[in-house]
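As provided, run_25.tsv (TSV, C-alpha atoms and all ligand atoms) reads as follows.
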chain	number	residue	atom	x	y	z
A	12	MET	CA	-3.53	-8.10	-25.88
A	13	PRO	CA	-0.36	-6.62	-24.34
A	14	ARG	CA	1.29	-8.53	-21.53
A	15	ARG	CA	0.11	-7.54	-18.07
A	16	ILE	CA	2.73	-5.92	-15.90
A	17	VAL	CA	3.05	-5.82	-12.10
A	18	ILE	CA	5.00	-3.07	-10.40
A	19	ALA	CA	5.37	-3.80	-6.68
A	20	ILE	CA	6.14	-0.98	-4.26
A	21	ASP	CA	6.79	-1.87	-0.63
A	22	GLY	CA	8.09	0.03	2.36
A	23	PRO	CA	7.28	1.38	5.82
A	24	ALA	CA	4.64	3.99	6.69
A	25	GLY	CA	5.44	7.49	5.50
A	26	ALA	CA	8.00	6.47	2.88
A	27	GLY	CA	5.82	8.02	0.17
A	28	LYS	CA	4.42	4.80	-1.29
A	29	SER	CA	0.82	5.91	-1.87
A	30	THR	CA	1.56	9.23	-3.54
A	31	VAL	CA	4.34	7.81	-5.66
A	32	ALA	CA	2.48	4.63	-6.64
A	33	ARG	CA	-0.61	6.63	-7.60
A	34	ARG	CA	1.37	8.99	-9.81
A	35	VAL	CA	3.41	6.24	-11.41
A	36	ALA	CA	0.19	4.36	-12.20
A	37	ALA	CA	-1.33	7.50	-13.75
A	38	ARG	CA	1.77	8.08	-15.88
A	39	LEU	CA	1.75	4.50	-17.17
A	40	GLY	CA	-2.02	4.13	-17.49
A	41	PHE	CA	-1.94	1.23	-15.01
A	42	VAL	CA	-4.42	0.45	-12.23
A	43	TYR	CA	-3.27	1.65	-8.79
A	44	VAL	CA	-3.93	-0.71	-5.88
A	45	ASP	CA	-3.44	0.47	-2.28
A	46	THR	CA	-3.34	-2.78	-0.31
A	47	GLY	CA	-3.00	-0.92	3.01
A	48	ALA	CA	-6.49	0.46	2.38
A	49	MET	CA	-7.77	-3.12	2.28
A	50	TYR	CA	-6.28	-3.98	5.69
A	51	ARG	CA	-7.57	-0.64	6.99
A	52	ALA	CA	-11.09	-1.39	5.70
A	53	VAL	CA	-11.17	-4.73	7.53
A	54	GLY	CA	-9.75	-3.03	10.65
A	55	LEU	CA	-12.46	-0.38	10.47
A	56	TRP	CA	-15.16	-3.00	10.09
A	57	ALA	CA	-13.82	-4.90	13.11
A	58	MET	CA	-13.76	-1.73	15.24
A	59	ARG	CA	-17.30	-0.80	14.27
A	60	ALA	CA	-18.61	-4.33	14.77
A	61	GLY	CA	-17.00	-4.57	18.19
A	62	VAL	CA	-14.82	-7.51	17.09
A	63	LYS	CA	-11.75	-7.78	19.28
A	64	LEU	CA	-8.54	-7.21	17.34
A	65	ASP	CA	-7.17	-10.54	18.55
A	66	ASP	CA	-10.28	-12.59	17.74
A	67	VAL	CA	-8.62	-14.39	14.87
A	68	HIS	CA	-11.67	-16.43	13.77
A	69	LYS	CA	-14.04	-13.48	13.58
A	70	LEU	CA	-11.37	-11.35	11.87
A	71	GLU	CA	-10.84	-14.03	9.24
A	72	GLN	CA	-14.58	-14.11	8.62
A	73	LEU	CA	-14.69	-10.34	8.19
A	74	ALA	CA	-11.73	-10.37	5.80
A	75	ALA	CA	-13.33	-13.11	3.71
A	76	ALA	CA	-16.72	-11.35	3.66
A	77	ALA	CA	-15.46	-7.80	3.09
A	78	ARG	CA	-16.37	-6.36	-0.29
A	79	ILE	CA	-13.61	-3.83	-0.88
A	80	GLU	CA	-13.77	-1.79	-4.05
A	81	PHE	CA	-11.59	0.94	-5.52
A	82	GLU	CA	-13.30	3.50	-7.71
A	83	ALA	CA	-11.57	3.60	-11.08
A	84	GLY	CA	-9.67	6.83	-11.72
A	85	SER	CA	-10.09	8.17	-8.18
A	86	THR	CA	-8.77	7.37	-4.72
A	87	ARG	CA	-12.19	6.44	-3.29
A	88	VAL	CA	-12.39	3.19	-1.34
A	89	PHE	CA	-15.67	1.39	-0.63
A	90	LEU	CA	-16.37	-1.21	2.04
A	91	ASN	CA	-19.55	-3.22	1.47
A	92	GLY	CA	-20.85	-0.39	-0.70
A	93	GLU	CA	-20.06	2.42	1.77
A	94	ASP	CA	-17.51	5.12	0.93
A	95	VAL	CA	-14.87	4.72	3.69
A	96	THR	CA	-12.14	6.80	2.03
A	97	GLU	CA	-11.87	9.24	4.94
A	98	ALA	CA	-12.90	6.87	7.73
A	99	ILE	CA	-9.93	4.54	7.12
A	100	ARG	CA	-7.33	7.33	7.39
A	101	THR	CA	-7.35	7.81	11.17
A	102	PRO	CA	-4.38	6.72	13.34
A	103	GLU	CA	-6.75	4.37	15.22
A	104	VAL	CA	-7.68	2.54	12.04
A	105	ALA	CA	-4.01	2.43	10.97
A	106	SER	CA	-3.18	0.74	14.24
A	107	ALA	CA	-6.12	-1.68	13.92
A	108	ALA	CA	-5.01	-2.54	10.35
A	109	SER	CA	-1.53	-3.36	11.58
A	110	LYS	CA	-2.91	-5.52	14.40
A	111	ILE	CA	-5.29	-7.57	12.26
A	112	SER	CA	-2.72	-7.98	9.47
A	113	VAL	CA	-0.60	-10.34	11.58
A	114	TYR	CA	-3.14	-13.15	11.06
A	115	GLY	CA	-2.51	-15.59	8.22
A	116	GLY	CA	-6.22	-16.11	7.50
A	117	VAL	CA	-6.84	-12.37	7.17
A	118	ARG	CA	-3.84	-12.03	4.87
A	119	ARG	CA	-4.83	-14.99	2.68
A	120	ALA	CA	-8.28	-13.52	2.03
A	121	LEU	CA	-6.87	-10.11	1.06
A	122	VAL	CA	-3.94	-11.49	-0.94
A	123	ALA	CA	-6.37	-13.57	-3.04
A	124	GLU	CA	-8.30	-10.39	-3.78
A	125	GLN	CA	-5.09	-8.50	-4.61
A	126	ARG	CA	-4.07	-11.18	-7.11
A	127	ARG	CA	-7.54	-11.06	-8.64
A	128	LEU	CA	-7.23	-7.29	-9.15
A	129	ALA	CA	-4.07	-7.83	-11.20
A	130	ARG	CA	-5.53	-10.60	-13.35
A	131	ASP	CA	-7.04	-8.38	-15.99
A	132	ALA	CA	-4.92	-5.24	-15.82
A	133	SER	CA	-1.38	-3.98	-15.42
A	134	VAL	CA	-1.02	-2.67	-11.88
A	135	VAL	CA	1.10	-0.58	-9.59
A	136	MET	CA	0.45	-2.22	-6.24
A	137	GLU	CA	1.79	-0.89	-2.95
A	138	GLY	CA	1.99	-2.37	0.52
A	139	ARG	CA	4.35	-4.34	2.72
A	140	ASP	CA	4.58	-7.78	1.08
A	141	ILE	CA	3.80	-7.19	-2.58
A	142	GLY	CA	7.27	-8.05	-3.91
A	143	THR	CA	7.84	-10.86	-1.40
A	144	VAL	CA	4.49	-12.68	-1.12
A	145	VAL	CA	1.70	-11.32	-3.32
A	146	PHE	CA	3.75	-11.14	-6.53
A	147	PRO	CA	7.19	-12.72	-6.07
A	148	GLU	CA	7.41	-12.68	-9.88
A	149	ALA	CA	6.59	-8.96	-10.21
A	150	ASP	CA	8.22	-7.32	-13.22
A	151	VAL	CA	9.56	-4.43	-11.13
A	152	LYS	CA	10.06	-4.29	-7.37
A	153	ILE	CA	10.83	-1.11	-5.49
A	154	PHE	CA	11.47	-0.75	-1.77
A	155	LEU	CA	10.77	2.84	-0.72
A	156	ASP	CA	12.29	4.06	2.52
A	157	ALA	CA	13.07	7.33	4.30
A	158	ALA	CA	14.62	8.47	7.58
A	159	PRO	CA	12.24	7.95	10.53
A	160	GLN	CA	11.98	11.69	11.23
A	161	THR	CA	11.10	12.44	7.60
A	162	ARG	CA	8.46	9.71	7.58
A	163	ALA	CA	6.92	11.10	10.79
A	164	GLU	CA	6.90	14.65	9.37
A	165	ARG	CA	5.18	13.44	6.20
A	166	ARG	CA	2.53	11.60	8.17
A	167	LEU	CA	1.89	14.68	10.37
A	168	ARG	CA	1.57	16.91	7.29
A	169	GLU	CA	-0.83	14.44	5.68
A	170	LEU	CA	-3.06	14.39	8.78
A	171	ARG	CA	-3.05	18.22	8.98
A	172	GLU	CA	-4.00	18.41	5.31
A	173	ARG	CA	-6.96	16.20	6.14
A	174	GLY	CA	-8.10	18.81	8.65
A	175	ARG	CA	-6.91	16.98	11.74
A	176	GLN	CA	-4.79	18.31	14.61
A	177	PRO	CA	-2.40	15.48	15.33
A	178	VAL	CA	-0.25	15.35	18.48
A	179	ALA	CA	3.27	14.86	17.13
A	180	GLU	CA	4.53	12.58	19.93
A	181	GLN	CA	1.47	10.39	19.62
A	182	VAL	CA	1.74	10.03	15.85
A	183	ILE	CA	5.45	9.24	16.04
A	184	ALA	CA	4.90	6.63	18.76
A	185	GLU	CA	2.03	5.05	16.80
A	186	MET	CA	4.15	4.88	13.63
A	187	GLU	CA	7.11	3.32	15.43
A	188	GLU	CA	4.90	0.73	17.09
A	189	ARG	CA	3.19	-0.10	13.81
A	190	ASP	CA	6.45	-0.41	11.86
A	191	GLN	CA	7.93	-2.59	14.56
A	192	ARG	CA	4.88	-4.91	14.40
A	193	ASP	CA	4.83	-4.94	10.59
A	194	ARG	CA	8.54	-5.81	10.43
A	195	SER	CA	8.59	-8.49	13.12
A	196	ARG	CA	5.40	-10.49	12.47
A	197	ALA	CA	5.78	-14.11	11.40
A	198	GLU	CA	3.42	-13.88	8.39
A	199	ALA	CA	4.65	-11.80	5.44
A	200	PRO	CA	6.69	-9.25	7.41
A	201	LEU	CA	7.74	-5.96	5.88
A	202	LEU	CA	10.95	-6.95	4.14
A	203	GLN	CA	12.91	-5.86	1.10
A	204	ALA	CA	12.76	-8.57	-1.58
A	205	PRO	CA	16.29	-9.57	-2.65
A	206	ASP	CA	15.59	-8.40	-6.19
A	207	ALA	CA	13.92	-5.11	-5.20
A	208	VAL	CA	15.55	-1.75	-5.90
A	209	TYR	CA	16.06	0.21	-2.67
A	210	LEU	CA	15.15	3.87	-2.95
A	211	ASP	CA	15.80	6.28	-0.08
A	212	THR	CA	13.35	9.16	-0.52
A	213	THR	CA	14.53	11.25	2.45
A	214	ALA	CA	16.11	14.01	0.37
A	215	LEU	CA	13.92	13.68	-2.71
A	216	SER	CA	10.76	15.48	-3.79
A	217	ILE	CA	7.76	13.40	-4.85
A	218	GLU	CA	8.41	14.25	-8.50
A	219	GLU	CA	12.02	13.11	-8.17
A	220	VAL	CA	10.92	9.80	-6.68
A	221	VAL	CA	8.31	9.33	-9.42
A	222	GLU	CA	10.95	9.97	-12.08
A	223	ALA	CA	13.39	7.59	-10.38
A	224	VAL	CA	10.73	4.84	-10.29
A	225	LEU	CA	9.84	5.42	-13.95
A	226	ARG	CA	13.53	5.16	-14.87
A	227	ILE	CA	13.74	1.81	-13.09
A	228	VAL	CA	10.57	0.64	-14.86
A	229	ARG	CA	12.05	1.65	-18.22
A	230	GLN	CA	15.31	-0.17	-17.49
A	231	ARG	CA	13.57	-3.33	-16.37
A	232	ILE	CA	10.83	-3.68	-18.94
A	233	GLY	CA	11.00	-0.93	-21.48
A	234	ASN	CA	14.44	-1.41	-23.05
A	235	GLY	CA	14.98	2.31	-22.62
A	236	GLN	CA	11.78	3.30	-24.43
A	237	GLU	CA	8.94	5.29	-22.91
A	238	PRO	CA	7.07	2.85	-20.66
A	239	GLY	CA	3.70	3.48	-22.26
A	240	GLN	CA	5.05	2.62	-25.70
A	241	ALA	CA	7.01	-0.36	-24.53
A	242	ILE	CA	4.26	-1.85	-22.41
A	243	THR	CA	1.22	-1.35	-24.58
A	244	PRO	CA	2.51	-1.22	-28.16
A	245	GLN	CA	0.05	0.27	-30.61
A	246	PRO	CA	-1.06	-2.17	-33.35
A	301	LIG	O1	0.03	1.27	3.98
A	301	LIG	P1	-0.87	1.56	5.18
A	301	LIG	O2	-0.23	2.46	6.20
A	301	LIG	O3	-2.20	2.05	4.75
A	301	LIG	O4	-1.11	0.11	5.89
A	301	LIG	C1	-1.84	-0.05	7.07
A	301	LIG	C2	-1.41	-1.35	7.75
A	301	LIG	O5	-1.86	-2.47	6.97
A	301	LIG	C3	0.08	-1.56	7.93
A	301	LIG	O6	0.55	-1.01	9.14
A	301	LIG	C4	0.22	-3.06	7.89
A	301	LIG	C5	-0.93	-3.54	7.04
A	301	LIG	N1	-0.52	-3.91	5.67
A	301	LIG	C6	-0.01	-5.17	5.49
A	301	LIG	O7	0.16	-5.92	6.45
A	301	LIG	N2	0.32	-5.60	4.24
A	301	LIG	C7	0.16	-4.79	3.18
A	301	LIG	N3	0.47	-5.26	1.96
A	301	LIG	C8	-0.34	-3.48	3.35
A	301	LIG	C9	-0.65	-3.05	4.62

For this file, write the structure as structure tokens.
Amino acid sequence: MPRRIVIAIDGPAGAGKSTVARRVAARLGFVYVDTGAMYRAVGLWAMRAGVKLDDVHKLEQLAAAARIEFEAGSTRVFLNGEDVTEAIRTPEVASAASKISVYGGVRRALVAEQRRLARDASVVMEGRDIGTVVFPEADVKIFLDAAPQTRAERRLRELRERGRQPVAEQVIAEMEERDQRDRSRAEAPLLQAPDAVYLDTTALSIEEVVEAVLRIVRQRIGNGQEPGQAITPQP
């Protein structure tokens, strides 16, 4: 069986992580794991269940009990059997996810699940702490970033494409607050791993970023060959 590979992609909101990680995974035939969706799912559950977002004990219980599943080959996310793909994409749930993710117990439950997902498959996993905490030994680590204005514009476009009518000032303020919290928390803050490659995506198209990431993957693990060939050699 070929060796399992972990590609870790971290960075702030709106840097392009999800789109890029999904496409890179598709190109390599790897499993794509959106860890933000896991924190969002627990945040959504807490909101619906009326659990206060600072009730650390109840939040830990929810995180441990949450059955979060990703549908293979699609971007669908299920929480306890319910399709929550759309429900977790609101700014309110994003903010709840950021608030509950400061708690060590919540993180431990989800990190254990993230490691389990990479046990049997090569993965492209994206989040905030993948290269620093979840997989410090990841084969490839990328830190995606972009100018704050570009990140805000991307987030606004994404919300409009989902049929929403976001208020720009509100979205920008929410993103700034969230990034500030994600960067400054004590547990697993958003941080570039020392051995991660920093990629500023401000002036790049998605395809250019995908190609740049694939080049890095090839350099790190493929000895210059096509990643698919190098990673899963045919018998
Ligand atoms: O990537 P995202 O915007 O869907 O993430 C939502 C929130 O979840 C983010 O603001 C912080 C938290 N998160 C985290 O703490 N660690 C991760 N690996 C991924 C997300």

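Nearest residue to ligand LIG 301 (chain A), choosing from A:Asp211, A:Glu198, A:Glu222, A:Glu148 and counting all atoms listed in the file: A:Glu198.
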
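Across the model, the gap from atom CA of Glu97 of chain A to atom CA of Lys69 of chain A is 24.4 Å.
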
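A distance search around ligand LIG 301 (chain A) (7 Å at most, all atoms listed in the file) returns the following protein and nucleic acid residues: Ala24, Thr46, Gly47, Ala48, Tyr50, Arg51, Ala105, Ser106, Ala108, Ser109, Ser112, Val113, Glu137, Gly138, Arg139, Asp140, Ile141, Arg189, Asp190 and Asp193 of chain A.
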
So that I have them on file, write out the residues from the current selection with C-alpha atoms, as a short mmCIF file (atom, residue, chain, number, x, y, z; two decimals), keeping the file's coordinate frame.
data_model
loop_
_atom_site.label_atom_id
_atom_site.label_comp_id
_atom_site.auth_asym_id
_atom_site.auth_seq_id
_atom_site.Cartn_x
_atom_site.Cartn_y
_atom_site.Cartn_z
CA ALA A 24 4.64 3.99 6.69
CA THR A 46 -3.34 -2.78 -0.31
CA GLY A 47 -3.00 -0.92 3.01
CA ALA A 48 -6.49 0.46 2.38
CA TYR A 50 -6.28 -3.98 5.69
CA ARG A 51 -7.57 -0.64 6.99
CA ALA A 105 -4.01 2.43 10.97
CA SER A 106 -3.18 0.74 14.24
CA ALA A 108 -5.01 -2.54 10.35
CA SER A 109 -1.53 -3.36 11.58
CA SER A 112 -2.72 -7.98 9.47
CA VAL A 113 -0.60 -10.34 11.58
CA GLU A 137 1.79 -0.89 -2.95
CA GLY A 138 1.99 -2.37 0.52
CA ARG A 139 4.35 -4.34 2.72
CA ASP A 140 4.58 -7.78 1.08
CA ILE A 141 3.80 -7.19 -2.58
CA ARG A 189 3.19 -0.10 13.81
CA ASP A 190 6.45 -0.41 11.86
CA ASP A 193 4.83 -4.94 10.59
#

Which residue out of A:Ala32, A:Ile16, A:Val224, A:Val117 has the minimum interatomic distance to Ala52 of chain A when all atoms listed in the file are used?
-> A:Val117

Point-to-point distance from atom CA of Phe89 of chain A to atom CA of Gly25 of chain A, Å rounded to tenths = 22.8 Å

Excluding same-chain residues fewer than 5 positions from segment 177-184 of chain A, what lies within 10 Å of it counting only C-alpha atoms, as a VMD selection string?
-> chain A and resid 102 159 to 160 162 to 164 166 to 171 189 to 190

Would you list the residues near (4.0, 12.4, -7.5), meaning any protein, DNA or RNA residue with an atom at most 6 Å from that point in file coordinates, counting all atoms listed in the file, as a list in words?
-> Thr30, Val31, Arg34, Ile217, Glu218 and Val221 of chain A

Best match for closeness to Val134 of chain A among A:Asp45, A:Asp66, A:Asp21, A:Asp94, counting only C-alpha atoms | A:Asp45

Write out as JSON, numbers by chain the residues lying within 12 Å of Glu82 of chain A, counting all atoms listed in the file and excluding same-chain residues fewer than 4 positions away.
-> {"A": [42, 43, 44, 45, 86, 87, 88, 89, 90, 92, 93, 94, 95, 96]}

Keeping C-alpha atoms, export the residues of the selection given above as an mmCIF file, in the coordinates of the input.
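again-v6.cif written:
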data_model
loop_
_atom_site.group_PDB
_atom_site.id
_atom_site.type_symbol
_atom_site.label_atom_id
_atom_site.label_comp_id
_atom_site.auth_asym_id
_atom_site.auth_seq_id
_atom_site.Cartn_x
_atom_site.Cartn_y
_atom_site.Cartn_z
ATOM 1 C CA VAL A 42 -4.420 0.450 -12.230
ATOM 2 C CA TYR A 43 -3.270 1.650 -8.790
ATOM 3 C CA VAL A 44 -3.930 -0.710 -5.880
ATOM 4 C CA ASP A 45 -3.440 0.470 -2.280
ATOM 5 C CA THR A 86 -8.770 7.370 -4.720
ATOM 6 C CA ARG A 87 -12.190 6.440 -3.290
ATOM 7 C CA VAL A 88 -12.390 3.190 -1.340
ATOM 8 C CA PHE A 89 -15.670 1.390 -0.630
ATOM 9 C CA LEU A 90 -16.370 -1.210 2.040
ATOM 10 C CA GLY A 92 -20.850 -0.390 -0.700
ATOM 11 C CA GLU A 93 -20.060 2.420 1.770
ATOM 12 C CA ASP A 94 -17.510 5.120 0.930
ATOM 13 C CA VAL A 95 -14.870 4.720 3.690
ATOM 14 C CA THR A 96 -12.140 6.800 2.030
#

Residue contacts of Lys63 of chain A (12 Å, all atoms listed in the file) excluding same-chain residues fewer than 6 positions away, as a list in words = Gly54, Leu55, Trp56, Ala57, Lys69, Leu70, Glu71, Leu73, Ala107, Lys110 and Ile111 of chain A

Kindly give the distance, in Å, that separates atom CA of Ala19 of chain A and atom CA of Val151 of chain A, rounded to a single decimal.
-> 6.1 Å

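Counting all atoms listed in the file, the residue from A:Ser133, A:Gln203, A:Asn91, A:Gln191 that sits nearest to Arg15 of chain A is A:Ser133.
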
Let me have the centre and edge lengths of the axis-aligned box enclosing all listed atoms of segment 88-107 of chain A with 3 Å padding on every side, in Å to one decimal, as lines of an AutoDock Vina configuration file.
center_x = -12.0
center_y = 3.0
center_z = 6.9
size_x = 23.7
size_y = 18.5
size_z = 22.6

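Proximity of A:Val135, A:Leu64, A:Ala207, A:Met49 to Leu155 of chain A, computed with all atoms listed in the file, is greatest for A:Ala207.
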
Atom completion result for segment 75-86 of chain A (all heavy atoms) as a tab-separated table (two decimals), keeping the file's coordinate frame:
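rebuild_3.tsv written:
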chain	number	residue	atom	x	y	z
A	75	ALA	N	-12.80	-12.32	4.82
A	75	ALA	CA	-13.33	-13.11	3.71
A	75	ALA	C	-14.63	-12.50	3.18
A	75	ALA	O	-14.92	-12.58	1.98
A	75	ALA	CB	-13.57	-14.55	4.16
A	76	ALA	N	-15.42	-11.89	4.08
A	76	ALA	CA	-16.72	-11.35	3.66
A	76	ALA	C	-16.64	-9.93	3.13
A	76	ALA	O	-17.55	-9.47	2.44
A	76	ALA	CB	-17.70	-11.40	4.84
A	77	ALA	N	-15.56	-9.22	3.44
A	77	ALA	CA	-15.46	-7.80	3.09
A	77	ALA	C	-15.49	-7.61	1.57
A	77	ALA	O	-14.74	-8.27	0.84
A	77	ALA	CB	-14.18	-7.20	3.66
A	78	ARG	N	-16.35	-6.72	1.14
A	78	ARG	CA	-16.37	-6.36	-0.29
A	78	ARG	C	-15.66	-5.01	-0.39
A	78	ARG	O	-16.22	-3.98	-0.02
A	78	ARG	CB	-17.83	-6.29	-0.75
A	78	ARG	CG	-18.01	-6.22	-2.25
A	78	ARG	CD	-19.41	-6.68	-2.65
A	78	ARG	NE	-20.46	-6.11	-1.81
A	78	ARG	CZ	-20.98	-4.90	-1.97
A	78	ARG	NH1	-20.55	-4.10	-2.94
A	78	ARG	NH2	-21.94	-4.46	-1.17
A	79	ILE	N	-14.41	-5.06	-0.82
A	79	ILE	CA	-13.61	-3.83	-0.88
A	79	ILE	C	-13.44	-3.44	-2.34
A	79	ILE	O	-13.00	-4.25	-3.16
A	79	ILE	CB	-12.23	-4.04	-0.21
A	79	ILE	CG1	-12.42	-4.47	1.25
A	79	ILE	CG2	-11.38	-2.77	-0.30
A	79	ILE	CD1	-11.20	-5.05	1.89
A	80	GLU	N	-13.83	-2.22	-2.65
A	80	GLU	CA	-13.77	-1.79	-4.05
A	80	GLU	C	-13.04	-0.45	-4.16
A	80	GLU	O	-13.18	0.41	-3.30
A	80	GLU	CB	-15.19	-1.64	-4.62
A	80	GLU	CG	-15.87	-2.98	-4.81
A	80	GLU	CD	-17.39	-2.87	-4.81
A	80	GLU	OE1	-17.94	-2.11	-3.99
A	80	GLU	OE2	-18.01	-3.55	-5.64
A	81	PHE	N	-12.27	-0.32	-5.23
A	81	PHE	CA	-11.59	0.94	-5.52
A	81	PHE	C	-12.29	1.57	-6.72
A	81	PHE	O	-12.49	0.90	-7.73
A	81	PHE	CB	-10.13	0.68	-5.87
A	81	PHE	CG	-9.33	0.11	-4.74
A	81	PHE	CD1	-9.11	-1.26	-4.64
A	81	PHE	CD2	-8.81	0.93	-3.75
A	81	PHE	CE1	-8.38	-1.79	-3.59
A	81	PHE	CE2	-8.08	0.41	-2.69
A	81	PHE	CZ	-7.87	-0.95	-2.61
A	82	GLU	N	-12.65	2.83	-6.59
A	82	GLU	CA	-13.30	3.50	-7.71
A	82	GLU	C	-12.26	3.80	-8.78
A	82	GLU	O	-11.23	4.41	-8.47
A	82	GLU	CB	-13.95	4.80	-7.21
A	82	GLU	CG	-14.89	5.43	-8.21
A	82	GLU	CD	-15.57	6.64	-7.59
A	82	GLU	OE1	-14.91	7.70	-7.51
A	82	GLU	OE2	-16.71	6.53	-7.16
A	83	ALA	N	-12.53	3.39	-10.00
A	83	ALA	CA	-11.57	3.60	-11.08
A	83	ALA	C	-11.31	5.09	-11.27
A	83	ALA	O	-12.25	5.89	-11.24
A	83	ALA	CB	-12.10	2.99	-12.37
A	84	GLY	N	-10.03	5.44	-11.42
A	84	GLY	CA	-9.67	6.83	-11.72
A	84	GLY	C	-9.77	7.78	-10.54
A	84	GLY	O	-9.58	8.99	-10.71
A	85	SER	N	-10.09	7.29	-9.35
A	85	SER	CA	-10.09	8.17	-8.18
A	85	SER	C	-9.41	7.44	-7.03
A	85	SER	O	-8.87	6.35	-7.21
A	85	SER	CB	-11.53	8.54	-7.77
A	85	SER	OG	-12.07	7.55	-6.92
A	86	THR	N	-9.40	8.04	-5.86
A	86	THR	CA	-8.77	7.37	-4.72
A	86	THR	C	-9.82	6.88	-3.73
A	86	THR	O	-9.50	6.54	-2.60
A	86	THR	CB	-7.80	8.33	-4.00
A	86	THR	OG1	-8.53	9.51	-3.67
A	86	THR	CG2	-6.62	8.68	-4.86
